[in-house]
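Engineer: Starting off with a structure, shown below.
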Amino acid sequence: MNATLDELRSILMELGVAEDELTPGCRLRSGLALDSTETAQLELEIEERLRARVDLWDRHDYSLAELAGAIDREAGNAAGAGAEAAGEGAR
């Protein structure tokens with residue numbers, strides 16, 4: 001498992017989800033049945049801990065693996081934008 005997936009599992013366990021339910025393929029809404037409060041808290045924790053913004057309110061019901069991939073892509077895009085901005089400042 002990757003570090004992002006491990007951190008997502010940790011966050012969800014803190015929200016009260018049983019560890020044995022947290023498989024890479026489980027879906028946030030249909031599998032884990034997260035309510036709106038849990039979804040909002042998860043979104044905030046992702047921003048704070050993983051420094052990524054992912055919209056959990058769209059129509060897509062993310063699996064944990066899909067969400068980890070989206071977070072990694074978002075974090076990579078943010079890091080790339082930060083490096084570009086730093087490079088522009090040096091010109």
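Labeling convention for the structure tokens: chains A, B, ... as they appear, residues from 1 per chain, ligands from 1 in order of appearance.
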Please give the complete set of residues from chain A that DSSP, run on the backbone, assigns to helix (DSSP H, G or I), formatted as a PyMOL selection string.

Structural biologist: chain A and resi 3-14+19-21+36-50+64-89

Engineer: Set the distance at 10 Å and use only C-alpha atoms: which residues neighbour Ala3 (chain A) once local chain neighbours fewer than 6 positions away are removed? I'd like the list as an NGL selection string.

Structural biologist: :A and (9 or 68 or 72)

Engineer: Tell me which protein, DNA and RNA residues are within 9 Å of Ser10 (chain A), counting only C-alpha atoms, leaving out same-chain ones fewer than 5 positions away, and put them as a list in words.

Structural biologist: Leu5, Leu15 and Glu19 of chain A

Engineer: Please list as a PyMOL selection string every residue within 9 Å of region 46-49 of chain A, counting only C-alpha atoms and excluding residues in the same chain fewer than 6 positions away.

Structural biologist: chain A and resi 7-8+11+71

Engineer: Got time to write the residues from that selection, N, CA, C and O atoms, as a PDB file, in the first residue's frame?

Structural biologist:
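Produced file out34.pdb, reproduced below:
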ATOM      1  N   GLU A   7      -2.665   6.785   5.002  1.00  0.00           N
ATOM      2  CA  GLU A   7      -3.148   7.967   5.723  1.00  0.00           C
ATOM      3  C   GLU A   7      -4.664   8.087   5.627  1.00  0.00           C
ATOM      4  O   GLU A   7      -5.329   8.433   6.604  1.00  0.00           O
ATOM      5  N   LEU A   8      -5.236   7.772   4.463  1.00  0.00           N
ATOM      6  CA  LEU A   8      -6.694   7.777   4.322  1.00  0.00           C
ATOM      7  C   LEU A   8      -7.331   6.765   5.273  1.00  0.00           C
ATOM      8  O   LEU A   8      -8.329   7.063   5.930  1.00  0.00           O
ATOM      9  N   ILE A  11      -7.264   8.228   8.779  1.00  0.00           N
ATOM     10  CA  ILE A  11      -8.284   9.265   8.954  1.00  0.00           C
ATOM     11  C   ILE A  11      -9.657   8.630   9.131  1.00  0.00           C
ATOM     12  O   ILE A  11     -10.416   8.995  10.041  1.00  0.00           O
ATOM     13  N   ILE A  71      -5.622  12.193  -4.840  1.00  0.00           N
ATOM     14  CA  ILE A  71      -4.843  13.011  -3.904  1.00  0.00           C
ATOM     15  C   ILE A  71      -3.399  13.104  -4.371  1.00  0.00           C
ATOM     16  O   ILE A  71      -2.808  14.187  -4.375  1.00  0.00           O
TER      17      ILE A  71
END

Engineer: If you count only C-alpha atoms, which residues fall within 12 Å of Asp35 (chain A), apart from same-chain ones fewer than 4 positions away, as a VMD selection string?

Structural biologist: chain A and resid 15 to 17 28 to 31 39 to 42 56 to 57

Engineer: For a test of reading the model, state the distance in Å between CA of Pro24 (chain A) and CA of Ser63 (chain A), rounded to one decimal.

Structural biologist: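 Separation of CA of Pro24 (chain A) and CA of Ser63 (chain A): 6.6 Å.
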
Engineer: Which residues are near Thr23 (chain A)? Cut-off 8 Å, only C-alpha atoms, ignore same chain within fewer than 3 positions. Put them as an NGL selection string.

Structural biologist: :A and (20 or 26 or 64)

Engineer: Can you measure CA of Gly76 (chain A) to CA of Thr4 (chain A) for me? One decimal in Å is fine.

Structural biologist: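 Spanning CA of Gly76 (chain A) to CA of Thr4 (chain A) is a straight-line distance of 12.3 Å.
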
Engineer: What is the CA of Asp55 (chain A) to CA of Ala70 (chain A) distance in Å?

Structural biologist: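 CA of Ala70 (chain A) lies 9.9 Å from CA of Asp55 (chain A).
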
Engineer: My list of candidates is A:Leu50, A:Ala75, A:Asp58, A:Ala65. Which is closest to Leu22 (chain A) when distances are computed with only C-alpha atoms?

Structural biologist: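 Between A:Leu50, A:Ala75, A:Asp58, A:Ala65, the residue approaching Leu22 (chain A) most closely is A:Ala65.
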
Engineer: For Met13 (chain A), which of A:Glu38, A:Glu43, A:Glu74, A:Glu66 is the closest residue, counting only C-alpha atoms?

Structural biologist: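 Of A:Glu38, A:Glu43, A:Glu74, A:Glu66, the one nearest Met13 (chain A) is A:Glu38, counting only C-alpha atoms.
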